[in-house]
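Undergrad: Next comes the structure file target19.tsv, holding TSV, N, CA and C atoms.
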```
chain	number	residue	atom	x	y	z
A	8	MET	N	-18.48	22.82	-4.76
A	8	MET	CA	-17.25	23.07	-4.04
A	8	MET	C	-16.56	21.73	-3.80
A	9	HIS	N	-15.28	21.64	-4.13
A	9	HIS	CA	-14.51	20.41	-3.96
A	9	HIS	C	-13.77	20.46	-2.63
A	10	MET	N	-13.88	19.41	-1.85
A	10	MET	CA	-13.15	19.35	-0.58
A	10	MET	C	-12.18	18.19	-0.64
A	11	ALA	N	-10.91	18.47	-0.45
A	11	ALA	CA	-9.89	17.42	-0.47
A	11	ALA	C	-9.95	16.60	0.81
A	12	GLY	N	-9.61	15.33	0.70
A	12	GLY	CA	-9.55	14.46	1.87
A	12	GLY	C	-8.29	14.75	2.67
A	13	ARG	N	-8.34	14.44	3.93
A	13	ARG	CA	-7.18	14.64	4.81
A	13	ARG	C	-6.29	13.42	4.77
A	14	LEU	N	-5.00	13.63	4.57
A	14	LEU	CA	-4.06	12.52	4.52
A	14	LEU	C	-3.62	12.18	5.94
A	15	VAL	N	-3.77	10.91	6.31
A	15	VAL	CA	-3.46	10.48	7.66
A	15	VAL	C	-2.53	9.25	7.59
A	16	HIS	N	-1.46	9.30	8.32
A	16	HIS	CA	-0.49	8.20	8.40
A	16	HIS	C	-0.88	7.34	9.60
A	17	ARG	N	-1.46	6.14	9.32
A	17	ARG	CA	-2.04	5.34	10.40
A	17	ARG	C	-1.28	4.07	10.74
A	18	ILE	N	-0.34	3.63	9.91
A	18	ILE	CA	0.33	2.36	10.22
A	18	ILE	C	1.50	2.59	11.17
A	19	THR	N	1.86	1.53	11.88
A	19	THR	CA	2.99	1.56	12.80
A	19	THR	C	3.81	0.29	12.59
A	20	ARG	N	4.93	0.21	13.25
A	20	ARG	CA	5.77	-1.00	13.16
A	20	ARG	C	5.01	-2.26	13.57
A	21	GLU	N	4.04	-2.10	14.47
A	21	GLU	CA	3.25	-3.25	14.93
A	21	GLU	C	2.37	-3.82	13.82
A	22	ASP	N	2.23	-3.11	12.70
A	22	ASP	CA	1.43	-3.60	11.58
A	22	ASP	C	2.23	-4.49	10.64
A	23	THR	N	3.49	-4.77	10.98
A	23	THR	CA	4.29	-5.68	10.17
A	23	THR	C	3.55	-7.00	10.02
A	24	GLY	N	3.47	-7.49	8.77
A	24	GLY	CA	2.72	-8.71	8.48
A	24	GLY	C	1.32	-8.43	7.96
A	25	SER	N	0.85	-7.19	8.09
A	25	SER	CA	-0.48	-6.82	7.61
A	25	SER	C	-0.41	-6.26	6.19
A	26	ARG	N	-1.54	-6.32	5.49
A	26	ARG	CA	-1.63	-5.70	4.16
A	26	ARG	C	-1.90	-4.21	4.37
A	27	VAL	N	-1.11	-3.38	3.71
A	27	VAL	CA	-1.21	-1.94	3.91
A	27	VAL	C	-1.28	-1.20	2.57
A	28	SER	N	-1.77	0.02	2.63
A	28	SER	CA	-1.72	0.95	1.52
A	28	SER	C	-0.91	2.15	2.00
A	29	VAL	N	0.13	2.51	1.23
A	29	VAL	CA	1.00	3.62	1.60
A	29	VAL	C	1.02	4.62	0.45
A	30	ARG	N	0.67	5.86	0.71
A	30	ARG	CA	0.75	6.93	-0.30
A	30	ARG	C	2.02	7.72	-0.02
A	31	ILE	N	2.87	7.82	-1.06
A	31	ILE	CA	4.14	8.52	-0.87
A	31	ILE	C	4.24	9.74	-1.79
A	32	HIS	N	5.02	10.71	-1.33
A	32	HIS	CA	5.32	11.89	-2.13
A	32	HIS	C	6.32	11.49	-3.21
A	33	LEU	N	6.09	11.93	-4.45
A	33	LEU	CA	7.05	11.72	-5.53
A	33	LEU	C	7.95	12.95	-5.66
A	34	PRO	N	9.14	12.78	-6.19
A	34	PRO	CA	10.05	13.92	-6.33
A	34	PRO	C	9.47	15.07	-7.17
A	35	ASP	N	8.58	14.75	-8.14
A	35	ASP	CA	7.99	15.80	-8.98
A	35	ASP	C	6.83	16.54	-8.30
A	36	GLY	N	6.50	16.14	-7.08
A	36	GLY	CA	5.43	16.81	-6.35
A	36	GLY	C	4.13	16.04	-6.30
A	37	GLY	N	4.00	14.98	-7.09
A	37	GLY	CA	2.78	14.18	-7.07
A	37	GLY	C	2.84	13.11	-5.99
A	38	PHE	N	1.92	12.16	-6.11
A	38	PHE	CA	1.83	11.05	-5.17
A	38	PHE	C	1.70	9.75	-5.94
A	39	THR	N	2.04	8.64	-5.29
A	39	THR	CA	1.73	7.31	-5.80
A	39	THR	C	1.39	6.42	-4.62
A	40	ASP	N	0.62	5.38	-4.89
A	40	ASP	CA	0.21	4.44	-3.85
A	40	ASP	C	0.92	3.11	-4.03
A	41	ILE	N	1.29	2.50	-2.91
A	41	ILE	CA	1.88	1.17	-2.89
A	41	ILE	C	1.02	0.33	-1.97
A	42	VAL	N	0.55	-0.82	-2.49
A	42	VAL	CA	-0.29	-1.72	-1.70
A	42	VAL	C	0.40	-3.08	-1.63
A	43	GLY	N	0.49	-3.62	-0.43
A	43	GLY	CA	1.09	-4.94	-0.25
A	43	GLY	C	1.26	-5.24	1.22
A	44	VAL	N	1.99	-6.31	1.50
A	44	VAL	CA	2.22	-6.74	2.88
A	44	VAL	C	3.46	-6.03	3.43
A	45	LEU	N	3.30	-5.40	4.57
A	45	LEU	CA	4.42	-4.74	5.24
A	45	LEU	C	5.32	-5.82	5.82
A	46	GLU	N	6.49	-5.99	5.20
A	46	GLU	CA	7.40	-7.06	5.63
A	46	GLU	C	8.35	-6.62	6.72
A	47	SER	N	8.80	-5.37	6.66
A	47	SER	CA	9.70	-4.87	7.70
A	47	SER	C	9.66	-3.35	7.75
A	48	TRP	N	10.13	-2.84	8.89
A	48	TRP	CA	10.20	-1.39	9.11
A	48	TRP	C	11.39	-1.18	10.02
A	49	ASP	N	12.51	-0.79	9.44
A	49	ASP	CA	13.74	-0.68	10.20
A	49	ASP	C	14.56	0.51	9.71
A	50	GLY	N	15.08	1.29	10.64
A	50	GLY	CA	15.94	2.40	10.28
A	50	GLY	C	15.27	3.43	9.40
A	51	GLY	N	13.98	3.63	9.55
A	51	GLY	CA	13.26	4.62	8.74
A	51	GLY	C	12.91	4.14	7.34
A	52	VAL	N	13.05	2.83	7.08
A	52	VAL	CA	12.74	2.26	5.76
A	52	VAL	C	11.73	1.13	5.92
A	53	LEU	N	10.65	1.18	5.13
A	53	LEU	CA	9.65	0.12	5.11
A	53	LEU	C	9.87	-0.72	3.86
A	54	ILE	N	9.68	-2.02	4.00
A	54	ILE	CA	9.69	-2.92	2.85
A	54	ILE	C	8.28	-3.47	2.72
A	55	VAL	N	7.67	-3.22	1.55
A	55	VAL	CA	6.31	-3.67	1.27
A	55	VAL	C	6.37	-4.66	0.10
A	56	ARG	N	5.84	-5.87	0.30
A	56	ARG	CA	5.82	-6.90	-0.75
A	56	ARG	C	4.52	-6.78	-1.51
A	57	ARG	N	4.62	-6.44	-2.79
A	57	ARG	CA	3.44	-6.29	-3.64
A	57	ARG	C	2.88	-7.65	-4.03
A	58	ARG	N	1.67	-7.64	-4.57
A	58	ARG	CA	0.99	-8.89	-4.94
A	58	ARG	C	1.79	-9.70	-5.96
A	59	ASP	N	2.54	-9.01	-6.84
A	59	ASP	CA	3.32	-9.73	-7.86
A	59	ASP	C	4.65	-10.25	-7.33
A	60	GLY	N	4.90	-10.05	-6.01
A	60	GLY	CA	6.11	-10.56	-5.39
A	60	GLY	C	7.26	-9.57	-5.31
A	61	ARG	N	7.17	-8.46	-6.05
A	61	ARG	CA	8.24	-7.47	-5.99
A	61	ARG	C	8.20	-6.74	-4.64
A	62	GLN	N	9.38	-6.32	-4.20
A	62	GLN	CA	9.47	-5.54	-2.96
A	62	GLN	C	9.57	-4.05	-3.31
A	63	ALA	N	8.88	-3.24	-2.54
A	63	ALA	CA	8.99	-1.79	-2.66
A	63	ALA	C	9.67	-1.28	-1.40
A	64	ARG	N	10.71	-0.47	-1.58
A	64	ARG	CA	11.43	0.14	-0.46
A	64	ARG	C	10.89	1.55	-0.29
A	65	VAL	N	10.37	1.86	0.88
A	65	VAL	CA	9.71	3.14	1.14
A	65	VAL	C	10.43	3.86	2.27
A	66	GLU	N	10.91	5.05	1.99
A	66	GLU	CA	11.50	5.89	3.03
A	66	GLU	C	10.36	6.44	3.90
A	67	GLU	N	10.47	6.24	5.19
A	67	GLU	CA	9.42	6.70	6.11
A	67	GLU	C	9.13	8.19	5.91
A	68	SER	N	10.16	8.97	5.64
A	68	SER	CA	10.00	10.42	5.48
A	68	SER	C	9.18	10.80	4.24
A	69	SER	N	8.99	9.86	3.29
A	69	SER	CA	8.23	10.16	2.07
A	69	SER	C	6.75	9.84	2.20
A	70	ILE	N	6.34	9.26	3.32
A	70	ILE	CA	4.94	8.83	3.48
A	70	ILE	C	4.03	10.03	3.74
A	71	ALA	N	3.00	10.14	2.89
A	71	ALA	CA	1.99	11.18	3.07
A	71	ALA	C	0.78	10.63	3.82
A	72	ALA	N	0.47	9.35	3.59
A	72	ALA	CA	-0.69	8.72	4.24
A	72	ALA	C	-0.50	7.22	4.20
A	73	SER	N	-1.14	6.52	5.12
A	73	SER	CA	-1.06	5.06	5.14
A	73	SER	C	-2.20	4.50	5.96
A	74	ARG	N	-2.51	3.23	5.68
A	74	ARG	CA	-3.54	2.55	6.47
A	74	ARG	C	-3.44	1.06	6.23
A	75	VAL	N	-3.97	0.28	7.16
A	75	VAL	CA	-4.11	-1.16	6.99
A	75	VAL	C	-5.35	-1.38	6.13
A	76	VAL	N	-5.25	-2.30	5.16
A	76	VAL	CA	-6.38	-2.58	4.27
A	76	VAL	C	-6.72	-4.06	4.33
A	77	PRO	N	-7.96	-4.43	3.98
A	77	PRO	CA	-8.36	-5.84	4.00
A	77	PRO	C	-7.54	-6.65	3.01
A	78	ASP	N	-7.44	-7.95	3.24
A	78	ASP	CA	-6.78	-8.83	2.30
A	78	ASP	C	-7.46	-8.73	0.94
A	79	ALA	N	-6.68	-8.91	-0.11
A	79	ALA	CA	-7.22	-8.86	-1.46
A	79	ALA	C	-8.18	-10.03	-1.68
A	80	ALA	N	-9.23	-9.78	-2.44
A	80	ALA	CA	-10.16	-10.86	-2.78
A	80	ALA	C	-9.45	-11.84	-3.69
A	81	PRO	N	-9.75	-13.12	-3.55
A	81	PRO	CA	-9.10	-14.09	-4.43
A	81	PRO	C	-9.46	-13.82	-5.88
A	82	ARG	N	-8.49	-14.03	-6.77
A	82	ARG	CA	-8.74	-13.82	-8.19
A	82	ARG	C	-9.61	-14.95	-8.71
A	83	ARG	N	-10.55	-14.60	-9.58
A	83	ARG	CA	-11.44	-15.60	-10.19
A	83	ARG	C	-10.72	-16.28	-11.33
A	84	ARG	N	-11.00	-17.51	-11.51
A	84	ARG	CA	-10.47	-18.25	-12.66
A	84	ARG	C	-11.62	-18.48	-13.64
A	85	GLY	N	-11.31	-18.44	-14.90
A	85	GLY	CA	-12.34	-18.69	-15.91
A	85	GLY	C	-13.00	-17.40	-16.35
A	86	GLY	N	-14.04	-17.54	-17.10
A	86	GLY	CA	-14.75	-16.39	-17.66
A	86	GLY	C	-15.82	-15.86	-16.73
A	87	ALA	N	-16.57	-14.93	-17.23
A	87	ALA	CA	-17.67	-14.34	-16.48
A	87	ALA	C	-18.75	-15.38	-16.24
A	88	PRO	N	-19.52	-15.26	-15.14
A	88	PRO	CA	-20.59	-16.22	-14.86
A	88	PRO	C	-21.58	-16.26	-16.02
A	89	GLY	N	-22.05	-17.48	-16.34
A	89	GLY	CA	-23.05	-17.62	-17.37
A	89	GLY	C	-22.49	-17.71	-18.78
A	90	ARG	N	-21.18	-17.58	-18.92
A	90	ARG	CA	-20.56	-17.65	-20.25
A	90	ARG	C	-19.90	-19.00	-20.43
A	91	THR	N	-20.01	-19.51	-21.60
A	91	THR	CA	-19.36	-20.77	-21.91
A	91	THR	C	-18.14	-20.49	-22.77
A	92	PRO	N	-16.98	-21.06	-22.39
A	92	PRO	CA	-15.78	-20.82	-23.19
A	92	PRO	C	-15.85	-21.41	-24.57
```
In structure tokens, how does this file's structure come out?
TA:
Amino acid sequence: MHMAGRLVHRITREDTGSRVSVRIHLPDGGFTDIVGVLESWDGGVLIVRRRDGRQARVEESSIAASRVVPDAAPRRRGGAPGRTP
């Protein structure tokens, strides 16, 4: 038996500056996730800065679930451990 998880919207305006994950409803009925730093939340619109620097504009009314998430782990440079280039 498959049990779906419950979608909970947990972030607030006070989380501005934190790294968040926001799941939004898509017009076709599906969902997509946006992860990044919550830069602002004004007039029902959130601005989330993704890791690549792009901004995502999120209508508050489209949010299905959200939460604060830990900072991303630093990216490794070089090859896998034990390998010589």
Undergrad: Quick check, in Å to one decimal: how far apart do atom CA of A:Thr19 and atom CA of A:Arg82 lie?
TA: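 Separation between atom CA of A:Thr19 and atom CA of A:Arg82: 28.5 Å.
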Undergrad: Just list as a PyMOL selection string whatever in chain A DSSP marks as strand (DSSP E).
TA: chain A and resi 26-32+38-49+52-56+62-66+70-75
Undergrad: Assign secondary structure with DSSP using the backbone only, and return the residues of stretch 19-83 of chain A in helix (DSSP H, G or I) as an MDAnalysis selection string.
TA: chainID A and resid 20:22 67:69
Undergrad: Write out, as a compact mmCIF listing (two decimals), in the coordinates of the input, the residues just selected, with N, CA and C atoms.
TA:
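Contents of selection-v5.txt, as written:
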```txt
# COMPACT_ATOMS: atom_id res chain seq x y z
N ARG A 20 4.93 0.21 13.25
CA ARG A 20 5.77 -1.00 13.16
C ARG A 20 5.01 -2.26 13.57
N GLU A 21 4.04 -2.10 14.47
CA GLU A 21 3.25 -3.25 14.93
C GLU A 21 2.37 -3.82 13.82
N ASP A 22 2.23 -3.11 12.70
CA ASP A 22 1.43 -3.60 11.58
C ASP A 22 2.23 -4.49 10.64
N GLU A 67 10.47 6.24 5.19
CA GLU A 67 9.42 6.70 6.11
C GLU A 67 9.13 8.19 5.91
N SER A 68 10.16 8.97 5.64
CA SER A 68 10.00 10.42 5.48
C SER A 68 9.18 10.80 4.24
N SER A 69 8.99 9.86 3.29
CA SER A 69 8.23 10.16 2.07
C SER A 69 6.75 9.84 2.20
```
Undergrad: From the set A:Ile70, A:Ala63, A:Val75, A:Val42, which residue has the shortest atom-to-atom contact distance to A:Thr23, counting only C-alpha atoms?
TA: A:Val75
Undergrad: Around all listed atoms of stretch 55-74 of chain A, padded 4 Å per side, what centre and edge lengths does the axis-aligned box have in Å to one decimal, as AutoDock Vina command-line options?
TA:
```
--center_x 4.0 --center_y 0.3 --center_z -0.7 --size_x 23.0 --size_y 29.7 --size_z 22.3
```
Undergrad: Report as a VMD selection string all protein, DNA and RNA residues lying within 8 Å of A:His16, evaluated on all atoms listed in the file, omitting residues in the same chain fewer than 3 positions from it.
TA: chain A and resid 13 19 70 to 74
Undergrad: Name the closest residue to A:Ile31 among the candidates A:Ser69, A:Arg83, A:Arg64, A:Val44; distances are taken between atoms, counting only N, CA and C atoms.
TA: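 Among the listed residues, A:Ser69 lies closest to A:Ile31.
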Undergrad: Please provide the set of residues having any atom within 7 Å of stretch 46-51 of chain A, restricted to all atoms listed in the file, with same-chain residues fewer than 4 positions apart removed, written as a ChimeraX atom specification.
TA: /A:20,23-25,55-56,65-68
